[in-house]
file final23.cif (mmCIF, C-alpha atoms)
data_query
#
loop_
_atom_site.label_atom_id
_atom_site.label_comp_id
_atom_site.auth_asym_id
_atom_site.auth_seq_id
_atom_site.Cartn_x
_atom_site.Cartn_y
_atom_site.Cartn_z
CA MET Z 559 210.28 173.48 303.84
CA ILE Z 560 212.68 176.30 304.68
CA ALA Z 561 210.59 179.38 303.99
CA LYS Z 562 206.94 180.28 303.94
CA VAL Z 563 205.34 183.49 302.74
CA GLU Z 564 201.65 184.13 303.28
CA GLY Z 565 199.46 186.89 301.93
CA LEU Z 566 202.52 189.09 301.60
CA THR Z 567 201.76 192.64 300.47
CA LYS Z 568 203.96 195.72 300.25
CA THR Z 569 202.65 199.05 299.10
CA PHE Z 570 204.73 202.11 298.27
CA GLY Z 571 202.57 205.23 298.23
CA GLY Z 572 199.45 203.36 297.22
CA VAL Z 573 201.20 201.18 294.64
CA ARG Z 574 201.18 197.47 295.43
CA ALA Z 575 204.74 196.37 294.63
CA VAL Z 576 203.98 192.94 296.11
CA ASP Z 577 200.34 191.96 296.17
CA GLY Z 578 199.02 189.09 298.28
CA VAL Z 579 201.84 186.65 297.51
CA SER Z 580 201.92 183.18 299.13
CA PHE Z 581 204.38 180.34 298.47
CA THR Z 582 206.86 178.04 300.17
CA LEU Z 583 210.50 177.24 299.46
CA GLU Z 584 211.63 173.64 299.87
CA ASP Z 585 215.05 172.63 301.08
CA ARG Z 586 217.72 171.82 298.46
CA LYS Z 587 216.00 173.11 295.37
CA ILE Z 588 216.97 175.70 292.78
CA TYR Z 589 214.18 178.20 292.26
CA GLY Z 590 213.79 180.67 289.46
CA LEU Z 591 212.01 183.87 290.44
CA LEU Z 592 211.07 185.16 287.03
CA GLY Z 593 209.29 188.19 285.76
CA ARG Z 594 209.78 191.43 283.95
CA ASN Z 595 211.73 194.34 285.34
CA GLY Z 596 209.60 196.15 287.89
CA ALA Z 597 207.35 193.13 288.48
CA GLY Z 598 208.15 193.11 292.20
CA LYS Z 599 210.92 190.48 292.36
CA THR Z 600 213.40 192.60 294.30
CA THR Z 601 210.82 193.87 296.79
CA LEU Z 602 209.69 190.31 297.43
CA MET Z 603 213.24 189.22 298.20
CA GLN Z 604 213.84 192.25 300.39
CA LEU Z 605 210.77 191.25 302.39
CA MET Z 606 212.07 187.70 302.74
CA THR Z 607 215.45 188.90 303.94
CA ALA Z 608 214.12 191.46 306.44
CA GLN Z 609 215.25 194.49 304.46
CA GLN Z 610 211.70 195.77 304.13
CA PHE Z 611 208.70 195.48 306.42
CA PRO Z 612 205.56 194.05 304.83
CA THR Z 613 202.42 196.18 304.73
CA SER Z 614 200.56 192.98 305.53
CA GLY Z 615 201.13 189.25 305.46
CA THR Z 616 203.81 187.07 307.05
CA VAL Z 617 207.29 185.81 306.25
CA GLU Z 618 208.84 182.82 307.94
CA VAL Z 619 212.35 181.65 307.13
CA PHE Z 620 213.98 178.66 308.84
CA GLY Z 621 211.01 178.48 311.17
CA ALA Z 622 210.97 182.08 312.40
CA SER Z 623 210.42 185.65 311.38
CA PRO Z 624 213.67 186.97 309.84
CA TYR Z 625 213.36 190.44 311.40
CA GLU Z 626 216.26 191.15 313.74
CA ASN Z 627 216.79 187.43 313.95
CA ARG Z 628 220.49 186.76 313.79
CA ARG Z 629 220.09 182.99 313.74
CA VAL Z 630 217.91 183.19 310.64
CA LEU Z 631 219.79 185.93 308.84
CA ARG Z 632 223.15 184.15 309.14
CA GLN Z 633 221.70 181.34 307.08
CA ILE Z 634 220.69 183.64 304.24
CA CYS Z 635 223.01 185.14 301.66
CA PHE Z 636 221.35 187.76 299.46
CA VAL Z 637 223.43 189.00 296.54
CA LYS Z 638 221.84 192.08 295.05
CA GLU Z 639 221.92 193.45 291.55
CA SER Z 640 223.99 196.48 292.45
CA GLN Z 641 225.53 195.33 295.68
CA ALA Z 642 227.17 198.24 297.51
CA TYR Z 643 230.60 197.59 299.03
CA VAL Z 644 232.82 199.77 301.18
CA ARG Z 645 234.67 201.57 298.43
CA ASN Z 646 238.06 201.44 300.05
CA ALA Z 647 237.83 197.79 300.98
CA ARG Z 648 239.97 195.34 299.06
CA ILE Z 649 238.50 192.16 297.62
CA ARG Z 650 240.31 190.22 300.37
CA ASP Z 651 238.57 192.40 303.01
CA VAL Z 652 235.17 191.65 301.51
CA LEU Z 653 235.92 187.93 301.71
CA GLU Z 654 237.30 188.26 305.24
CA PHE Z 655 234.17 190.07 306.36
CA SER Z 656 231.96 187.46 304.65
CA SER Z 657 233.81 184.64 306.43
CA LEU Z 658 232.73 186.20 309.75
CA VAL Z 659 229.10 186.61 308.67
CA PHE Z 660 228.44 183.18 307.18
CA PRO Z 661 228.98 180.15 309.42
CA ARG Z 662 229.52 177.79 306.48
CA TRP Z 663 231.93 180.04 304.59
CA ASP Z 664 234.47 177.99 302.63
CA ARG Z 665 237.76 179.85 302.45
CA ARG Z 666 239.42 177.51 300.00
CA TYR Z 667 236.46 177.50 297.68
CA ALA Z 668 236.39 181.32 297.76
CA GLU Z 669 240.03 181.34 296.59
CA GLU Z 670 239.19 178.95 293.76
CA LEU Z 671 236.33 181.19 292.69
CA LEU Z 672 238.57 184.27 292.71
CA ASP Z 673 240.88 182.45 290.31
CA ALA Z 674 238.01 181.31 288.13
CA PHE Z 675 236.80 184.89 287.72
CA ARG Z 676 240.36 186.26 287.62
CA LEU Z 677 239.76 188.65 290.48
CA PRO Z 678 242.85 190.34 291.97
CA LYS Z 679 242.58 189.97 295.75
CA GLU Z 680 244.47 193.13 296.61
CA ARG Z 681 242.44 195.37 294.35
CA LYS Z 682 240.13 197.92 295.99
CA MET Z 683 236.44 197.64 295.29
CA LYS Z 684 236.31 201.18 293.95
CA GLN Z 685 238.88 200.24 291.30
CA LEU Z 686 236.84 197.37 289.94
CA SER Z 687 234.82 197.39 286.76
CA ARG Z 688 231.09 196.79 286.99
CA GLY Z 689 231.55 193.19 285.83
CA MET Z 690 234.31 192.50 288.38
CA THR Z 691 232.13 193.94 291.16
CA SER Z 692 229.34 191.60 290.11
CA ALA Z 693 231.81 188.69 290.10
CA VAL Z 694 232.77 189.50 293.71
CA GLY Z 695 229.07 189.21 294.61
CA ILE Z 696 228.91 185.83 292.91
CA VAL Z 697 232.02 184.63 294.79
CA VAL Z 698 230.47 185.70 298.10
CA GLY Z 699 227.14 184.09 297.24
CA LEU Z 700 228.66 180.74 296.31
CA ALA Z 701 231.39 180.57 298.97
CA SER Z 702 228.88 181.49 301.70
CA ARG Z 703 227.32 178.04 301.23
CA ALA Z 704 224.32 179.64 302.92
CA PRO Z 705 221.35 177.26 303.25
CA LEU Z 706 219.29 179.92 301.45
CA THR Z 707 221.26 181.80 298.81
CA ILE Z 708 219.48 184.43 296.76
CA PHE Z 709 220.93 185.95 293.61
CA ASP Z 710 219.04 188.98 292.37
CA GLU Z 711 220.18 189.69 288.80
CA PRO Z 712 223.79 189.33 289.96
CA TYR Z 713 225.46 189.65 286.58
CA LEU Z 714 225.39 193.35 285.69
CA GLY Z 715 228.39 194.03 283.46
CA LEU Z 716 229.27 190.35 283.08
CA ASP Z 717 229.61 189.07 279.54
CA ALA Z 718 227.93 185.89 278.29
CA ALA Z 719 231.04 183.78 278.93
CA SER Z 720 231.28 184.90 282.57
CA ARG Z 721 227.58 184.34 283.09
CA GLY Z 722 228.01 180.84 281.67
CA LEU Z 723 230.87 180.31 284.12
CA PHE Z 724 228.59 181.44 286.96
CA TYR Z 725 225.84 178.99 285.98
CA ASP Z 726 228.33 176.11 285.65
CA LEU Z 727 229.95 176.84 289.01
CA LEU Z 728 226.58 177.17 290.69
CA LEU Z 729 225.34 173.83 289.36
CA LYS Z 730 228.60 172.08 290.25
CA ASP Z 731 228.57 173.39 293.80
CA TYR Z 732 224.87 172.65 294.18
CA LEU Z 733 225.48 169.01 293.23
CA GLU Z 734 228.27 168.73 295.79
CA HIS Z 735 226.60 170.81 298.50
CA PRO Z 736 222.85 170.79 297.92
CA ARG Z 737 221.09 173.85 299.34
CA THR Z 738 218.35 176.23 298.31
CA PHE Z 739 219.04 178.82 295.67
CA VAL Z 740 216.71 181.51 294.41
CA LEU Z 741 217.78 183.01 291.10
CA SER Z 742 215.90 186.15 290.27
CA THR Z 743 216.37 187.01 286.65
CA HIS Z 744 214.86 188.15 283.43
CA LEU Z 745 217.45 186.17 281.40
CA ILE Z 746 215.12 183.22 281.60
CA ASP Z 747 216.49 181.00 278.86
CA GLU Z 748 220.01 181.29 280.26
CA VAL Z 749 219.06 179.80 283.62
CA ASN Z 750 216.12 177.66 282.53
CA ARG Z 751 217.97 174.34 282.57
CA LEU Z 752 219.29 174.87 286.09
CA LEU Z 753 215.89 175.35 287.65
CA GLU Z 754 213.82 172.80 289.50
CA HIS Z 755 210.94 175.08 290.39
CA ILE Z 756 209.60 178.27 288.92
CA LEU Z 757 207.88 181.26 290.46
CA VAL Z 758 206.63 183.93 288.09
CA ILE Z 759 205.67 187.32 289.40
CA ASP Z 760 203.77 189.87 287.36
CA ARG Z 761 202.63 193.27 288.58
CA GLY Z 762 203.21 192.22 292.17
CA ARG Z 763 201.21 189.03 291.92
CA LEU Z 764 202.45 185.47 291.86
CA ILE Z 765 200.98 184.06 288.66
CA LEU Z 766 202.87 180.76 288.45
CA ASP Z 767 204.28 178.42 291.09
CA ASP Z 768 205.16 175.08 289.53
CA ASN Z 769 207.76 172.46 288.81
CA ALA Z 770 210.07 173.58 285.99
CA ASP Z 771 209.62 170.43 283.91
CA SER Z 772 205.86 170.79 283.90
CA VAL Z 773 206.15 174.48 283.02
CA ARG Z 774 208.45 173.61 280.12
CA GLY Z 775 205.79 171.33 278.68
CA ARG Z 776 202.94 173.77 279.05
CA ALA Z 777 202.88 174.89 275.45
CA PHE Z 778 204.09 173.77 272.07
CA SER Z 779 204.33 175.25 268.64
CA VAL Z 780 203.14 173.57 265.50
CA SER Z 781 204.46 174.60 262.10
CA GLY Z 782 204.00 173.66 258.51
CA PRO Z 783 201.80 174.41 255.52
CA ALA Z 784 199.05 176.80 256.61
CA ASP Z 785 196.12 174.58 255.54
CA ARG Z 786 197.43 171.62 257.50
CA VAL Z 787 198.20 173.73 260.56
CA ALA Z 788 194.65 175.03 260.31
CA SER Z 789 193.21 171.53 260.46
CA PHE Z 790 195.50 170.67 263.38
CA VAL Z 791 194.61 173.72 265.48
CA SER Z 792 190.90 173.68 264.78
CA GLY Z 793 189.09 173.65 268.13
CA ARG Z 794 192.26 174.46 270.09
CA THR Z 795 193.28 177.67 271.82
CA ILE Z 796 196.06 179.60 270.08
CA VAL Z 797 198.23 182.11 271.94
CA ARG Z 798 200.44 183.12 269.04
CA ASP Z 799 199.91 182.81 265.35
CA GLU Z 800 202.40 183.70 262.64
CA ARG Z 801 202.29 183.32 258.90
CA LEU Z 802 204.99 183.52 256.32
CA GLY Z 803 203.69 182.98 252.82
CA SER Z 804 202.05 179.56 252.82
CA LEU Z 805 203.68 178.57 256.14
CA ARG Z 806 202.13 179.00 259.52
CA THR Z 807 203.33 178.59 263.10
CA ALA Z 808 200.83 178.50 265.94
CA VAL Z 809 201.52 178.25 269.66
CA ILE Z 810 199.09 176.06 271.59
CA PRO Z 811 199.01 176.29 275.41
CA GLU Z 812 198.81 172.54 275.99
CA THR Z 813 201.13 169.64 276.68
CA PRO Z 814 201.21 167.62 273.46
CA ASP Z 815 199.83 164.13 274.09
CA GLU Z 816 200.31 160.99 272.04
CA ARG Z 817 197.25 161.77 269.91
CA ALA Z 818 198.50 165.25 269.08
CA ARG Z 819 201.90 163.84 268.11
CA THR Z 820 200.37 161.19 265.86
CA ARG Z 821 198.07 163.72 264.25
CA ALA Z 822 200.99 166.07 263.63
CA ALA Z 823 203.02 163.25 262.08
CA GLU Z 824 200.12 162.33 259.79
CA LEU Z 825 199.84 165.92 258.67
CA GLY Z 826 203.61 166.24 258.31
CA LEU Z 827 203.74 169.06 260.85
CA GLU Z 828 206.56 169.91 263.19
CA LEU Z 829 205.90 170.09 266.94
CA LYS Z 830 208.29 171.93 269.23
CA PRO Z 831 208.29 172.93 272.87
CA VAL Z 832 208.07 176.67 273.41
CA PRO Z 833 211.18 178.22 275.02
CA MET Z 834 210.65 179.16 278.66
CA GLN Z 835 211.26 182.84 277.95
CA GLU Z 836 208.45 182.95 275.41
CA LEU Z 837 206.15 180.95 277.64
CA ILE Z 838 206.58 183.46 280.45
CA VAL Z 839 205.92 186.31 278.04
CA HIS Z 840 202.62 184.67 277.08
CA LEU Z 841 201.78 184.26 280.75
CA THR Z 842 202.60 187.84 281.68
CA GLN Z 843 200.81 189.41 278.75
CA PRO Z 844 197.13 190.12 278.62
CA SER Z 845 195.48 187.40 276.56
CA PRO Z 846 194.15 188.53 273.14
CA ALA Z 847 190.60 188.45 274.50
CA GLU Z 848 191.49 190.50 277.55
CA GLY Z 849 193.54 192.92 275.46
CA GLY Z 850 190.67 193.37 273.03
CA LYS Z 851 188.41 194.70 275.74
CA ARG Z 852 190.76 197.51 276.57
CA PRO Z 853 190.26 200.92 274.98
CA MET C 993 232.52 170.33 273.83
CA ASN C 994 229.42 171.71 275.47
CA PRO C 995 226.90 168.88 275.57
CA LEU C 996 223.93 171.16 275.11
CA ILE C 997 220.56 169.61 274.57
CA ASP C 998 218.60 171.91 272.34
CA GLY C 999 216.31 169.47 270.64
CA ASP C 1000 212.61 169.70 270.01
CA LYS C 1001 211.61 167.59 273.00
CA PRO C 1002 211.49 168.27 276.73
CA ILE C 1003 214.93 167.88 278.34
CA PHE C 1004 213.92 164.92 280.51
CA VAL C 1005 212.60 163.07 277.47
CA GLN C 1006 215.92 163.67 275.70
CA ILE C 1007 217.79 162.26 278.71
CA ALA C 1008 215.61 159.14 278.54
CA GLU C 1009 216.25 158.84 274.80
CA ARG C 1010 220.02 159.12 275.20
CA ILE C 1011 219.94 156.31 277.72
CA GLU C 1012 217.79 154.27 275.32
CA ASP C 1013 220.28 154.95 272.52
CA ASP C 1014 223.07 153.61 274.71
CA ILE C 1015 221.02 150.52 275.47
CA LEU C 1016 220.36 149.98 271.75
CA THR C 1017 224.00 150.32 270.74
CA GLY C 1018 225.12 148.07 273.56
CA ARG C 1019 227.08 150.78 275.32
CA LEU C 1020 224.81 150.11 278.28
CA PRO C 1021 224.32 146.32 278.34
CA GLU C 1022 221.57 144.73 280.37
CA GLU C 1023 222.36 144.55 284.10
CA SER C 1024 224.95 147.32 283.77
CA GLN C 1025 224.82 150.41 285.96
CA VAL C 1026 223.47 153.66 284.54
CA PRO C 1027 225.27 156.93 285.42
CA SER C 1028 223.87 158.70 288.47
CA THR C 1029 221.44 161.58 288.33
CA ASN C 1030 224.23 163.92 289.42
CA GLN C 1031 226.51 162.65 286.67
CA PHE C 1032 223.84 163.32 284.09
CA ALA C 1033 223.16 166.74 285.61
CA SER C 1034 226.76 167.85 285.51
CA PHE C 1035 227.40 166.40 282.05
CA TYR C 1036 224.34 167.96 280.42
CA ARG C 1037 224.32 171.02 282.70
CA ILE C 1038 220.79 170.54 283.87
CA ASN C 1039 219.03 170.40 287.19
CA PRO C 1040 219.42 166.93 288.74
CA ALA C 1041 215.63 166.75 289.27
CA THR C 1042 215.18 166.98 285.50
CA ALA C 1043 217.74 164.20 284.98
CA ALA C 1044 215.93 162.11 287.60
CA LYS C 1045 212.66 162.63 285.78
CA GLY C 1046 214.20 161.25 282.58
CA VAL C 1047 215.61 158.23 284.41
CA ASN C 1048 212.30 157.59 286.17
CA LEU C 1049 210.49 157.60 282.86
CA LEU C 1050 212.51 154.51 281.96
CA VAL C 1051 211.98 152.96 285.39
CA ASP C 1052 208.21 153.29 284.86
CA GLU C 1053 208.55 151.50 281.54
CA GLY C 1054 210.56 148.70 283.08
CA ILE C 1055 213.64 149.56 281.04
CA LEU C 1056 215.70 150.50 284.11
CA TYR C 1057 215.38 149.27 287.65
CA LYS C 1058 216.60 150.54 290.98
CA LYS C 1059 218.92 148.67 293.30
CA ARG C 1060 218.43 150.24 296.67
CA GLY C 1061 221.42 152.17 297.89
CA ILE C 1062 223.46 151.34 294.78
CA GLY C 1063 221.82 153.01 291.80
CA MET C 1064 220.01 152.41 288.54
CA PHE C 1065 220.57 149.40 286.32
CA VAL C 1066 219.48 148.27 282.87
CA ALA C 1067 216.69 145.72 283.24
CA PRO C 1068 216.82 142.30 281.60
CA GLY C 1069 214.90 142.48 278.33
CA ALA C 1070 215.39 146.25 278.19
CA ARG C 1071 216.89 146.26 274.72
CA GLU C 1072 213.91 144.38 273.31
CA LYS C 1073 211.51 146.85 274.94
CA VAL C 1074 213.39 149.88 273.63
CA LEU C 1075 213.53 148.37 270.19
CA ARG C 1076 209.78 147.77 270.12
CA LYS C 1077 209.08 151.30 271.32
CA ARG C 1078 211.45 152.85 268.82
CA LYS C 1079 209.93 150.89 265.95
CA MET C 1080 206.54 152.29 266.83
CA GLN C 1081 208.00 155.77 266.94
CA PHE C 1082 209.70 155.15 263.63
CA PHE C 1083 206.40 154.18 262.08
CA ARG C 1084 204.70 157.27 263.40
CA GLN C 1085 207.47 159.74 262.76
CA TYR C 1086 208.80 158.56 259.40
CA VAL C 1087 206.51 156.06 257.73
CA LEU C 1088 203.27 157.99 258.20
CA ALA C 1089 204.90 161.25 257.19
CA MET C 1090 206.48 159.56 254.16
CA LEU C 1091 203.18 158.09 253.03
CA GLN C 1092 201.52 161.46 253.38
CA GLU C 1093 204.19 163.12 251.26
CA ALA C 1094 204.10 160.27 248.73
CA GLU C 1095 200.39 160.72 248.30
CA LYS C 1096 200.86 164.42 247.67
CA LEU C 1097 203.45 163.69 244.98
CA GLY C 1098 201.36 160.90 243.47
CA ILE C 1099 203.97 158.24 244.20
CA SER C 1100 202.53 154.74 243.94
CA GLU C 1101 203.23 151.94 246.41
CA GLU C 1102 205.39 150.12 243.84
CA GLU C 1103 207.40 153.25 243.18
CA LEU C 1104 207.86 153.73 246.90
CA VAL C 1105 209.19 150.19 247.34
CA LEU C 1106 211.58 150.74 244.44
CA MET C 1107 212.79 153.98 245.99
CA ILE C 1108 213.45 152.29 249.32
CA ARG C 1109 215.44 149.54 247.60
CA LYS C 1110 217.39 152.10 245.67
CA GLY C 1111 218.07 154.06 248.84
CA LYS C 1112 219.36 150.90 250.52
CA ASP C 1113 221.74 150.29 247.64
CA GLY C 1114 223.16 153.74 248.25
CA ALA C 1115 222.12 155.20 244.91
CA GLU C 1116 220.98 158.79 244.60
CA GLY C 1117 217.23 159.22 244.26
#
call {"tool": "encode", "arguments": {"input": "final23.cif", "output": "structure tokens"}}
result
Amino acid sequence: MIAKVEGLTKTFGGVRAVDGVSFTLEDRKIYGLLGRNGAGKTTLMQLMTAQQFPTSGTVEVFGASPYENRRVLRQICFVKESQAYVRNARIRDVLEFSSLVFPRWDRRYAEELLDAFRLPKERKMKQLSRGMTSAVGIVVGLASRAPLTIFDEPYLGLDAASRGLFYDLLLKDYLEHPRTFVLSTHLIDEVNRLLEHILVIDRGRLILDDNADSVRGRAFSVSGPADRVASFVSGRTIVRDERLGSLRTAVIPETPDERARTRAAELGLELKPVPMQELIVHLTQPSPAEGGKRP
Amino acid sequence: MNPLIDGDKPIFVQIAERIEDDILTGRLPEESQVPSTNQFASFYRINPATAAKGVNLLVDEGILYKKRGIGMFVAPGAREKVLRKRKMQFFRQYVLAMLQEAEKLGISEEELVLMIRKGKDGAEG
């Protein structure tokens, strides 16, 4: 275990941005911190990296409180969504500065990453496009080789190809130098396959803390002729139901077992896992019953 | 070029099935070494824990076995086991579904047998 958060709460003017959150981070795992915009992801990470004081609760990283703790903070690299850089600094200055901050900084790897993202070393930060600025953050995050590296939506302005490059580089470097990553994102399906463990935060609360492979199997969809789907789903909970003419697709919040598969085959129905993105949407939405009670 | 796995099954199950396919075709003979978890992870671009879960599925079924400190190997008799398992899946996935559809279309057993023979001869149905 490298980090432990207990009963963590942060209120801003009466609003609970983070609300009684507890979890641990294990060494050498890739975590996905998922949730909608405004769910409290960024505040949570600011609390873990000593950039905010909690209203209540405790944070322990590498065995100690991170506040004013140089030993702990040097082991954490936090790349923010809109990371601010000294505007007149050149890319090479940013890397030079980072090499002083992070004990495990890899100079040669940083150069490789600059090439991969086609970043001109002599260019000033203020002259960079939004996407290039984000790429600098990614270079710093990866080359830091920090035992705890946190990326908070680090891809603003990056196109799909560059984001794909980021994910590939991250996985490659993780395999060669295993360490803990936290990827905070709302682009869930893009990062899904990289994740080992998933934390979902909704309205400040942690609503899911589980292994990614078990989350992936938590629901399935069944489609086919409406009458046959009806006999398949009878007695089961349905979280989504769609009809198109005589066809019907229903989402069932269960892991399909052997019996369900056999039954579906007999009925000639198609079973599919539900994409992670959709699963999280179901989890972070009021259930139909709950929604019905509201005015 | 991108070996994406976007099938209808969990990723770790697909990893297990690809290994089984390689055992069936003989690409992975019995007693040969299976690629490492990291090799699977980087090839399929997935978390190595997911790849490990797929491999372990086959270890639990006795299709692969672990040599300590060396890696994973194809167990003796693995091909036979995979074949048996796949035949059962084939029955469930194709035969049952086919019979269901045949019943709907009023196709008799004799007709069905004829159709299968015809299909084997490569003729158009």
call {"tool": "resolve_selection", "arguments": {"input": "final23.cif", "expression": "the PyMOL selection byres ((chain Z) within 8 of (chain C))", "output": "CSV table (one decimal) with C-alpha atoms, keeping the file's coordinate frame"}}
result
chain,number,residue,atom,x,y,z
Z,588,ILE,CA,217.0,175.7,292.8
Z,726,ASP,CA,228.3,176.1,285.6
Z,729,LEU,CA,225.3,173.8,289.4
Z,730,LYS,CA,228.6,172.1,290.2
Z,733,LEU,CA,225.5,169.0,293.2
Z,751,ARG,CA,218.0,174.3,282.6
Z,752,LEU,CA,219.3,174.9,286.1
Z,753,LEU,CA,215.9,175.4,287.6
Z,754,GLU,CA,213.8,172.8,289.5
Z,771,ASP,CA,209.6,170.4,283.9
Z,774,ARG,CA,208.4,173.6,280.1
Z,775,GLY,CA,205.8,171.3,278.7
Z,820,THR,CA,200.4,161.2,265.9
Z,823,ALA,CA,203.0,163.2,262.1
Z,824,GLU,CA,200.1,162.3,259.8
Z,825,LEU,CA,199.8,165.9,258.7
Z,826,GLY,CA,203.6,166.2,258.3
Z,829,LEU,CA,205.9,170.1,266.9
Z,830,LYS,CA,208.3,171.9,269.2
Z,831,PRO,CA,208.3,172.9,272.9
call {"tool": "resolve_selection", "arguments": {"input": "final23.cif", "expression": "the PyMOL selection byres ((chain C and resi 1064) around 10)", "output": "PyMOL selection string"}}
result
chain C and resi 1023-1029+1047-1048+1051+1056-1063+1065-1067
call {"tool": "resolve_selection", "arguments": {"input": "final23.cif", "expression": "the PyMOL selection byres ((chain Z and resi 736) around 10)", "output": "list in words"}}
result
Asp585, Arg586, Lys587, Ile588, Arg703, Pro705, Leu729, Lys730, Asp731, Tyr732, Leu733, Glu734, His735, Arg737, Thr738 and Phe739 of chain Z
call {"tool": "atom_distance", "arguments": {"input": "final23.cif", "atom1": "atom CA of Z:Ile756", "atom2": "atom CA of Z:Thr813"}}
result
17.2 Å
call {"tool": "residues_near_point", "arguments": {"input": "final23.cif", "point": "(223.8, 181.2, 278.2)", "cutoff": "8 Å", "atoms": "only C-alpha atoms", "output": "PDB file with C-alpha atoms, in the coordinates of the input"}}
result
ATOM      1  CA  ALA Z 718     227.930 185.890 278.290  1.00  0.00           C
ATOM      2  CA  ALA Z 719     231.040 183.780 278.930  1.00  0.00           C
ATOM      3  CA  ARG Z 721     227.580 184.340 283.090  1.00  0.00           C
ATOM      4  CA  GLY Z 722     228.010 180.840 281.670  1.00  0.00           C
ATOM      5  CA  ASP Z 747     216.490 181.000 278.860  1.00  0.00           C
ATOM      6  CA  GLU Z 748     220.010 181.290 280.260  1.00  0.00           C
ATOM      7  CA  VAL Z 749     219.060 179.800 283.620  1.00  0.00           C
TER       8      VAL Z 749
END
call {"tool": "residues_around", "arguments": {"input": "final23.cif", "residues": "Z:Ser720", "least_positions_apart": "2", "cutoff": "12 Å", "atoms": "only C-alpha atoms", "output": "NGL selection string"}}
result
:Z and (671 or 674-676 or 689-690 or 692-693 or 696 or 712-718 or 722-727)
call {"tool": "residues_around", "arguments": {"input": "final23.cif", "residues": "stretch 604-619 of chain Z", "least_positions_apart": "5", "cutoff": "9 Å", "atoms": "all atoms listed in the file", "output": "MDAnalysis selection string"}}
result
chainID Z and resid 560:569 576 578:580 599 624:627 630:631 634:636
call {"tool": "atom_distance", "arguments": {"input": "final23.cif", "atom1": "atom CA of Z:Leu583", "atom2": "atom CA of Z:Thr601"}}
result
16.8 Å
call {"tool": "atom_distance", "arguments": {"input": "final23.cif", "atom1": "atom CA of C:Lys1073", "atom2": "atom CA of Z:Pro814"}}
result
23.2 Å
call {"tool": "closest_residue", "arguments": {"input": "final23.cif", "among": "Z:Asp710, Z:Val694, Z:Pro811, Z:Gln633", "to": "Z:Leu745", "atoms": "all atoms listed in the file"}}
result
Z:Asp710
call {"tool": "residues_around", "arguments": {"input": "final23.cif", "residues": "C:Glu1012", "least_positions_apart": "3", "cutoff": "9 Å", "atoms": "all atoms listed in the file", "output": "PyMOL selection string"}}
result
chain C and resi 1007-1009+1015-1017+1020+1050+1055+1070-1071+1074-1075
call {"tool": "residues_around", "arguments": {"input": "final23.cif", "residues": "Z:Arg645", "least_positions_apart": "4", "cutoff": "8 Å", "atoms": "only C-alpha atoms", "output": "PDB file with C-alpha atoms, in the frame of the given file"}}
result
ATOM      1  CA  LYS Z 682     240.130 197.920 295.990  1.00  0.00           C
ATOM      2  CA  MET Z 683     236.440 197.640 295.290  1.00  0.00           C
ATOM      3  CA  LYS Z 684     236.310 201.180 293.950  1.00  0.00           C
TER       4      LYS Z 684
END
call {"tool": "residues_around", "arguments": {"input": "final23.cif", "residues": "Z:Glu828", "least_positions_apart": "4", "cutoff": "8 Å", "atoms": "only C-alpha atoms", "output": "PDB file with C-alpha atoms, in the frame of the given file"}}
result
ATOM      1  CA  SER Z 779     204.330 175.250 268.640  1.00  0.00           C
ATOM      2  CA  VAL Z 780     203.140 173.570 265.500  1.00  0.00           C
ATOM      3  CA  SER Z 781     204.460 174.600 262.100  1.00  0.00           C
ATOM      4  CA  GLY Z 782     204.000 173.660 258.510  1.00  0.00           C
ATOM      5  CA  ALA Z 822     200.990 166.070 263.630  1.00  0.00           C
ATOM      6  CA  ALA Z 823     203.020 163.250 262.080  1.00  0.00           C
TER       7      ALA Z 823
END
call {"tool": "closest_residue", "arguments": {"input": "final23.cif", "among": "Z:Val797, Z:Val637, Z:Val698, Z:Leu728", "to": "Z:Ser657", "atoms": "all atoms listed in the file"}}
result
Z:Val698
call {"tool": "decode", "arguments": {"input": "final23.cif", "residues": "stretch 689-696 of chain Z", "atoms": "N, CA and C atoms", "output": "tab-separated table (two decimals), in the first residue's frame"}}
result
chain	number	residue	atom	x	y	z
Z	689	GLY	N	-2.50	21.96	-27.08
Z	689	GLY	CA	-2.13	20.54	-27.19
Z	689	GLY	C	-0.66	20.31	-26.86
Z	690	MET	N	0.22	21.20	-27.35
Z	690	MET	CA	1.65	21.04	-27.07
Z	690	MET	C	1.92	21.23	-25.58
Z	691	THR	N	1.21	22.18	-24.96
Z	691	THR	CA	1.39	22.40	-23.52
Z	691	THR	C	0.98	21.14	-22.76
Z	692	SER	N	-0.12	20.54	-23.17
Z	692	SER	CA	-0.55	19.29	-22.53
Z	692	SER	C	0.52	18.21	-22.72
Z	693	ALA	N	1.09	18.15	-23.93
Z	693	ALA	CA	2.11	17.13	-24.20
Z	693	ALA	C	3.33	17.32	-23.30
Z	694	VAL	N	3.70	18.57	-23.00
Z	694	VAL	CA	4.81	18.82	-22.09
Z	694	VAL	C	4.49	18.21	-20.72
Z	695	GLY	N	3.24	18.39	-20.27
Z	695	GLY	CA	2.81	17.81	-18.99
Z	695	GLY	C	2.95	16.30	-19.00
Z	696	ILE	N	2.60	15.70	-20.12
Z	696	ILE	CA	2.68	14.23	-20.23
Z	696	ILE	C	4.15	13.79	-20.19
